[in-house]
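This is target-v5.cif (mmCIF, C-alpha atoms).
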data_upload
#
loop_
_atom_site.label_atom_id
_atom_site.label_comp_id
_atom_site.auth_asym_id
_atom_site.auth_seq_id
_atom_site.Cartn_x
_atom_site.Cartn_y
_atom_site.Cartn_z
CA MET H 1 -14.21 -33.48 22.47
CA LYS H 2 -11.30 -34.36 20.20
CA THR H 3 -12.09 -36.67 17.31
CA ASN H 4 -10.54 -40.09 17.60
CA GLN H 5 -7.58 -40.51 15.23
CA PHE H 6 -8.74 -44.07 14.56
CA GLY H 7 -12.27 -43.10 13.50
CA LYS H 8 -15.64 -43.54 15.17
CA LYS H 9 -14.99 -47.05 16.47
CA GLY H 10 -11.60 -46.12 17.84
CA TRP H 11 -8.60 -48.43 17.73
CA THR H 12 -9.39 -52.14 17.38
CA PRO H 13 -7.12 -55.19 16.89
CA ASP H 14 -8.17 -55.35 13.21
CA ARG H 15 -5.38 -52.82 12.73
CA ILE H 16 -2.71 -55.29 13.88
CA LYS H 17 -0.74 -56.70 10.96
CA ASP H 18 0.73 -60.19 10.87
CA LEU H 19 3.09 -60.47 13.86
CA LYS H 20 5.13 -63.50 12.79
CA GLY H 21 8.72 -63.06 13.97
CA LYS H 22 7.73 -60.59 16.71
CA THR H 23 8.12 -61.28 20.44
CA PHE H 24 6.06 -59.81 23.26
CA VAL H 25 6.61 -60.19 27.00
CA ILE H 26 3.52 -59.72 29.19
CA THR H 27 3.05 -59.71 32.97
CA GLY H 28 -0.16 -61.08 34.48
CA THR H 29 -1.70 -63.19 31.72
CA THR H 30 -3.77 -65.82 33.51
CA SER H 31 -6.97 -63.76 33.49
CA GLY H 32 -8.57 -60.46 32.46
CA THR H 33 -6.92 -58.00 30.10
CA GLY H 34 -3.55 -59.79 30.19
CA PHE H 35 -5.14 -63.04 29.03
CA GLU H 36 -7.03 -61.25 26.25
CA ALA H 37 -3.93 -59.36 25.09
CA THR H 38 -1.98 -62.64 24.98
CA ARG H 39 -4.75 -64.39 23.04
CA ILE H 40 -4.98 -61.63 20.44
CA LEU H 41 -1.18 -61.36 19.94
CA LEU H 42 -0.90 -65.15 19.53
CA SER H 43 -3.80 -65.14 17.07
CA LYS H 44 -1.78 -62.70 14.93
CA GLY H 45 1.23 -65.04 14.87
CA ALA H 46 3.40 -63.43 17.57
CA LYS H 47 5.56 -65.21 20.12
CA VAL H 48 4.47 -64.42 23.68
CA VAL H 49 6.40 -64.85 26.92
CA MET H 50 3.97 -64.93 29.86
CA LEU H 51 5.22 -63.83 33.28
CA ASN H 52 2.96 -65.00 36.10
CA ARG H 53 3.25 -65.78 39.79
CA ASN H 54 1.40 -69.10 39.67
CA PRO H 55 2.97 -71.81 37.43
CA ALA H 56 -0.13 -74.05 37.59
CA LYS H 57 -2.34 -71.20 36.37
CA SER H 58 0.17 -70.43 33.61
CA GLN H 59 0.00 -74.02 32.36
CA ALA H 60 -3.81 -73.98 32.48
CA THR H 61 -3.76 -70.72 30.50
CA ILE H 62 -1.49 -72.22 27.84
CA ALA H 63 -3.79 -75.25 27.59
CA ALA H 64 -6.83 -72.97 27.15
CA LEU H 65 -5.04 -70.89 24.50
CA LYS H 66 -3.97 -74.01 22.59
CA GLN H 67 -7.52 -75.32 22.68
CA GLU H 68 -8.76 -72.10 21.11
CA LEU H 69 -5.90 -71.23 18.74
CA GLY H 70 -4.31 -74.61 17.98
CA ASN H 71 -1.17 -76.37 19.21
CA ASN H 72 1.22 -74.40 17.04
CA ILE H 73 1.04 -71.16 19.00
CA ASN H 74 4.40 -69.85 20.13
CA VAL H 75 4.00 -69.26 23.86
CA ILE H 76 6.20 -69.84 26.89
CA ALA H 77 5.63 -69.24 30.59
CA ILE H 78 8.19 -68.02 33.12
CA THR H 79 7.38 -67.81 36.80
CA MET H 80 7.74 -64.37 38.37
CA ASP H 81 6.38 -62.82 41.54
CA LEU H 82 6.39 -59.02 41.21
CA ALA H 83 6.28 -58.72 45.01
CA GLU H 84 9.79 -60.21 45.30
CA GLN H 85 12.73 -58.44 43.67
CA ALA H 86 14.78 -61.67 43.64
CA SER H 87 11.99 -63.37 41.67
CA VAL H 88 11.81 -60.47 39.20
CA LYS H 89 15.59 -60.57 38.66
CA LYS H 90 15.59 -64.33 38.15
CA ALA H 91 12.68 -64.13 35.69
CA ALA H 92 14.38 -61.31 33.74
CA GLN H 93 17.49 -63.51 33.35
CA GLU H 94 15.30 -66.37 32.10
CA VAL H 95 13.61 -64.08 29.58
CA LEU H 96 16.99 -62.90 28.27
CA VAL H 97 18.11 -66.50 27.81
CA SER H 98 14.82 -67.57 26.19
CA VAL H 99 14.35 -64.91 23.51
CA SER H 100 16.61 -63.00 21.15
CA GLN H 101 14.39 -59.93 20.83
CA ILE H 102 11.61 -58.08 22.66
CA ASP H 103 9.33 -56.02 20.43
CA ALA H 104 7.28 -54.90 23.40
CA LEU H 105 7.17 -55.45 27.14
CA LEU H 106 3.59 -55.07 28.41
CA CYS H 107 3.48 -54.30 32.13
CA ASN H 108 -0.07 -55.44 32.71
CA ALA H 109 -0.13 -57.26 36.06
CA ALA H 110 -1.49 -55.42 39.09
CA ILE H 111 -3.06 -55.79 42.48
CA ALA H 112 -5.72 -53.33 43.59
CA GLN H 113 -7.43 -51.98 46.68
CA THR H 114 -5.65 -54.25 49.18
CA PRO H 115 -7.94 -53.90 52.25
CA LYS H 116 -5.21 -54.27 54.91
CA ARG H 117 -1.80 -52.68 54.54
CA GLY H 118 0.82 -55.31 53.74
CA LEU H 119 4.53 -55.08 52.97
CA THR H 120 6.73 -56.86 50.45
CA ILE H 121 9.95 -58.63 51.52
CA GLU H 122 11.78 -55.41 50.64
CA GLY H 123 9.52 -53.51 53.04
CA TRP H 124 7.46 -51.60 50.45
CA GLU H 125 3.71 -51.19 50.71
CA MET H 126 2.32 -54.14 48.74
CA GLN H 127 0.56 -52.27 45.91
CA MET H 128 3.56 -49.99 45.34
CA GLY H 129 5.90 -52.97 45.52
CA VAL H 130 3.99 -55.10 43.00
CA ASN H 131 2.54 -52.54 40.60
CA TYR H 132 5.44 -50.11 40.54
CA PHE H 133 8.78 -51.32 41.95
CA GLY H 134 8.42 -54.85 40.54
CA HIS H 135 7.81 -53.50 37.06
CA PHE H 136 10.50 -50.80 37.41
CA THR H 137 13.12 -53.50 38.01
CA LEU H 138 11.80 -55.73 35.23
CA GLN H 139 11.82 -52.88 32.71
CA SER H 140 15.33 -51.87 33.63
CA LEU H 141 16.74 -55.42 33.35
CA LEU H 142 15.03 -56.10 30.01
CA PHE H 143 15.85 -52.64 28.65
CA PRO H 144 19.14 -53.59 26.90
CA LEU H 145 17.34 -56.23 24.79
CA ILE H 146 14.34 -53.95 24.19
CA GLU H 147 16.77 -51.28 23.01
CA LYS H 148 18.58 -53.72 20.74
CA SER H 149 15.20 -54.75 19.30
CA LYS H 150 14.04 -51.10 18.90
CA GLY H 151 11.14 -52.22 21.01
CA ARG H 152 8.57 -50.66 23.32
CA ILE H 153 7.72 -50.54 26.99
CA VAL H 154 4.00 -50.31 27.66
CA THR H 155 2.67 -49.59 31.13
CA VAL H 156 -0.93 -50.37 31.94
CA GLY H 157 -1.88 -47.68 34.42
CA SER H 158 -5.33 -46.91 35.75
CA LEU H 159 -7.70 -43.98 36.10
CA GLY H 160 -6.86 -44.50 39.77
CA TYR H 161 -3.86 -42.22 39.15
CA ASP H 162 -6.36 -39.35 39.47
CA MET H 163 -8.47 -40.70 42.33
CA GLY H 164 -6.08 -40.56 45.25
CA ILE H 165 -3.59 -38.10 46.65
CA LYS H 166 -2.41 -37.01 43.18
CA THR H 167 1.28 -37.02 44.09
CA ILE H 168 3.97 -39.32 45.52
CA LYS H 169 4.08 -39.30 49.30
CA PHE H 170 7.87 -39.29 49.59
CA GLU H 171 7.77 -38.57 53.32
CA ASP H 172 5.77 -41.78 53.96
CA LEU H 173 5.95 -43.90 50.82
CA ASN H 174 4.81 -47.07 52.59
CA TRP H 175 1.83 -45.61 54.44
CA ASP H 176 3.01 -46.18 58.00
CA LYS H 177 0.36 -43.55 58.73
CA ASP H 178 -3.12 -43.04 57.23
CA TYR H 179 -3.21 -46.15 55.00
CA THR H 180 -6.28 -46.43 52.80
CA PRO H 181 -6.55 -49.07 50.06
CA ASN H 182 -7.54 -46.46 47.48
CA ASN H 183 -4.80 -43.91 48.23
CA ALA H 184 -2.08 -46.56 48.19
CA TYR H 185 -3.40 -48.05 44.94
CA SER H 186 -3.68 -44.60 43.34
CA GLN H 187 -0.12 -43.74 44.29
CA SER H 188 1.18 -46.99 42.76
CA LYS H 189 -0.67 -46.30 39.50
CA LEU H 190 0.42 -42.67 39.38
CA ALA H 191 4.02 -43.83 39.89
CA GLN H 192 3.70 -46.29 36.99
CA ILE H 193 2.37 -43.65 34.61
CA MET H 194 4.80 -40.94 35.73
CA SER H 195 7.76 -43.22 35.21
CA MET H 196 6.81 -43.72 31.54
CA TYR H 197 6.86 -39.99 30.77
CA GLU H 198 10.10 -39.65 32.75
CA LEU H 199 11.57 -42.56 30.77
CA GLN H 200 10.59 -40.81 27.52
CA ASP H 201 12.51 -37.70 28.63
CA ARG H 202 15.56 -39.74 29.60
CA LEU H 203 15.59 -41.64 26.30
CA LYS H 204 15.26 -38.40 24.37
CA GLU H 205 18.10 -36.83 26.33
CA ALA H 206 20.31 -39.82 25.55
CA GLY H 207 19.34 -39.69 21.87
CA LYS H 208 17.75 -43.14 22.08
CA THR H 209 14.52 -42.49 20.25
CA ASP H 210 14.36 -46.02 18.81
CA VAL H 211 12.86 -47.22 22.10
CA LYS H 212 9.30 -46.08 22.77
CA ALA H 213 7.54 -45.85 26.15
CA TYR H 214 3.76 -45.67 26.45
CA ALA H 215 1.19 -45.20 29.20
CA CYS H 216 -2.36 -46.48 28.87
CA HIS H 217 -5.24 -47.80 30.98
CA PRO H 218 -8.00 -50.38 30.44
CA GLY H 219 -10.97 -48.25 31.49
CA SER H 220 -13.53 -50.02 33.61
CA SER H 221 -13.26 -53.64 32.52
CA ARG H 222 -14.91 -56.77 33.83
CA THR H 223 -11.85 -58.51 35.27
CA SER H 224 -11.14 -60.28 38.54
CA LEU H 225 -8.83 -57.50 39.79
CA ILE H 226 -11.14 -56.16 42.51
CA SER H 227 -12.86 -59.47 43.27
CA THR H 228 -9.55 -61.19 44.05
CA ASN H 229 -8.12 -58.45 46.19
CA GLY H 230 -10.54 -55.70 47.21
CA SER H 231 -12.47 -55.22 50.42
CA LEU H 232 -16.00 -56.62 50.76
CA MET H 233 -17.48 -53.18 50.08
CA MET H 234 -15.40 -52.70 46.92
CA LYS H 235 -16.34 -56.20 45.77
CA MET H 236 -20.02 -55.41 46.22
CA ILE H 237 -19.81 -52.05 44.44
CA PHE H 238 -17.87 -53.53 41.53
CA GLY H 239 -20.17 -56.57 41.45
CA ILE H 240 -23.11 -54.25 40.84
CA MET H 241 -21.19 -52.10 38.34
CA LYS H 242 -20.37 -55.19 36.28
CA LEU H 243 -24.09 -55.55 35.52
CA THR H 244 -24.38 -52.02 34.12
CA PRO H 245 -23.14 -50.25 30.96
CA LEU H 246 -20.46 -48.61 33.15
CA THR H 247 -18.13 -51.52 32.47
CA GLN H 248 -16.90 -53.30 29.34
CA PRO H 249 -15.64 -56.82 28.54
CA ALA H 250 -12.02 -57.65 29.48
CA GLU H 251 -11.22 -58.02 25.78
CA ASN H 252 -11.97 -54.31 25.20
CA GLY H 253 -9.85 -53.52 28.25
CA ALA H 254 -6.90 -55.13 26.44
CA TYR H 255 -7.15 -52.86 23.39
CA PRO H 256 -5.20 -49.87 24.79
CA GLN H 257 -2.12 -51.96 25.67
CA LEU H 258 -2.30 -53.81 22.35
CA MET H 259 -2.45 -50.50 20.51
CA CYS H 260 0.56 -49.17 22.43
CA ALA H 261 2.47 -52.38 21.71
CA THR H 262 1.76 -52.59 17.97
CA GLU H 263 0.41 -49.41 16.38
CA PRO H 264 3.08 -47.78 14.17
CA ASN H 265 4.01 -44.12 14.78
CA LEU H 266 1.89 -43.74 17.89
CA ASP H 267 2.59 -40.48 19.74
CA GLU H 268 4.38 -41.25 23.01
CA LYS H 269 3.09 -38.11 24.69
CA GLY H 270 -0.47 -39.44 24.62
CA PHE H 271 -2.35 -41.27 27.36
CA TYR H 272 -4.42 -44.05 25.85
CA GLY H 273 -7.66 -45.71 26.88
CA PRO H 274 -11.42 -45.69 26.27
CA THR H 275 -12.65 -42.24 25.21
CA GLY H 276 -16.31 -42.55 26.24
CA ARG H 277 -17.98 -41.03 29.28
CA ASN H 278 -15.55 -40.81 32.24
CA HIS H 279 -13.08 -42.78 30.07
CA TRP H 280 -14.50 -45.98 31.56
CA THR H 281 -15.74 -47.45 28.28
CA GLY H 282 -15.98 -46.43 24.62
CA PRO H 283 -13.76 -46.25 21.54
CA VAL H 284 -10.05 -46.54 22.31
CA GLY H 285 -7.75 -43.61 21.57
CA ALA H 286 -5.79 -40.79 23.18
CA HIS H 287 -7.41 -38.68 25.88
CA LYS H 288 -6.33 -35.99 28.26
CA ILE H 289 -4.11 -36.72 31.21
CA GLU H 290 -4.11 -34.53 34.31
CA PRO H 291 -1.01 -32.33 34.75
CA HIS H 292 0.03 -33.94 38.06
CA ALA H 293 0.90 -37.15 36.14
CA LYS H 294 3.54 -35.21 34.19
CA ASP H 295 4.96 -33.22 37.10
CA LYS H 296 8.64 -33.21 36.14
CA THR H 297 10.04 -32.48 39.61
CA VAL H 298 8.08 -35.31 41.24
CA ALA H 299 8.83 -37.72 38.37
CA LYS H 300 12.57 -37.06 38.55
CA SER H 301 12.64 -37.55 42.34
CA LEU H 302 10.59 -40.73 41.97
CA TRP H 303 13.02 -42.14 39.38
CA GLU H 304 16.06 -41.40 41.54
CA LEU H 305 14.36 -42.87 44.59
CA SER H 306 13.37 -45.99 42.60
CA GLU H 307 16.93 -46.65 41.48
CA LYS H 308 18.06 -46.27 45.07
CA GLU H 309 15.28 -48.43 46.55
CA THR H 310 15.62 -51.28 44.02
CA GLY H 311 19.38 -51.00 43.64
CA VAL H 312 18.83 -51.24 39.89
CA LYS H 313 20.41 -48.64 37.63
CA TRP H 314 18.99 -48.11 34.16
CA ASN H 315 21.64 -48.24 31.49
CA ILE H 316 20.26 -45.52 29.21
#

Encoded form using structure tokens:
Amino acid sequence: MKTNQFGKKGWTPDRIKDLKGKTFVITGTTSGTGFEATRILLSKGAKVVMLNRNPAKSQATIAALKQELGNNINVIAITMDLAEQASVKKAAQEVLVSVSQIDALLCNAAIAQTPKRGLTIEGWEMQMGVNYFGHFTLQSLLFPLIEKSKGRIVTVGSLGYDMGIKTIKFEDLNWDKDYTPNNAYSQSKLAQIMSMYELQDRLKEAGKTDVKAYACHPGSSRTSLISTNGSLMMKMIFGIMKLTPLTQPAENGAYPQLMCATEPNLDEKGFYGPTGRNHWTGPVGAHKIEPHAKDKTVAKSLWELSEKETGVKWNI
């Protein structure tokens, strides 16, 4: 077992310096780890742009944050549905008009374990469309401002990347055959993580090392992710797990993305999350990532396919 570079307790938000004058954009902030990450960044003086699908929930979230942190917090909400490319493009334009810098984009929103196969408007399997393609387009459109700001792109993956088919099913990306909620979810999470390491390579090749890209995961956190979307069986299993030491509070689940967004000189090659048993809970730091997540041939094909599918070209 490697020793944690941040000591026995691992990385905690105590390490975050005053963030006045810094701007963070986060997807999926109305509950769970996204809410906690937003709360902690605002408490350190940052400006946060929240991107959520439901405007009413966004307003309720802002009200709750103001009640806890005071009315002077610097937070705005922009409506964005990751399942619709038009919505993502419109939201990206709004972000670019609303802020003059982006110190980090935190791609936190996700759907998981969708029991019945569904498709987005673009015709992608729903989990791939939301978790991966939606964020791919958002990252690409915000990239010029992130680059200008010498900012970061942080992708919140999942240990699911290692629990499914362990590759990208190019021959049937949308699961016309053999759909299972877990395999489709795993593929979407693997795609998210892979694209970060591929982005690192592309930035390096272009000599643009001022922009950093990070992959992390929240471990096994008590959020509403499964309960809002999973099958009855998954809901029951996770309902029981929530009562055991196998899970941790949502706040702890937010630490890896906060670390990747704020910690100076953090190694991009790492994969960050809880370092305890099974990497479900425990002190936050770097831990091993399975080789299939860094398969260069697959990652390159995935990137090229993604630019083709979304019609969005990265300007690196």

Coordinates-based distance that separates atom CA of Thr79 of chain H from atom CA of Ile153 of chain H (Å, one decimal) =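 Value for the atom CA of Ile153 of chain H-atom CA of Thr79 of chain H distance: 19.9 Å.
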
With all atoms listed in the file as the basis for distance, which of H:His279, H:Lys208, H:Lys166, H:Lys47 is at the shortest distance from Asp295 of chain H?
->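 Counting all atoms listed in the file, the residue closest to Asp295 of chain H is H:Lys166.
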
Pick from H:Gln5, H:Thr12, H:Ser43, H:Ser195, whichever lies nearest to Glu304 of chain H using all atoms listed in the file |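 Residue with the minimum atom-to-atom distance to Glu304 of chain H: H:Ser195.
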
Considering all atoms listed in the file, state which residue in the set H:Phe6, H:Tyr255, H:Tyr197, H:Tyr161 is at the smallest distance from Arg39 of chain H.
-> H:Tyr255

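Comparing H:Thr310, H:Thr61, H:Ser87, H:Gln257 by their smallest distance to Glu122 of chain H, the closest is H:Thr310 (using only C-alpha atoms).
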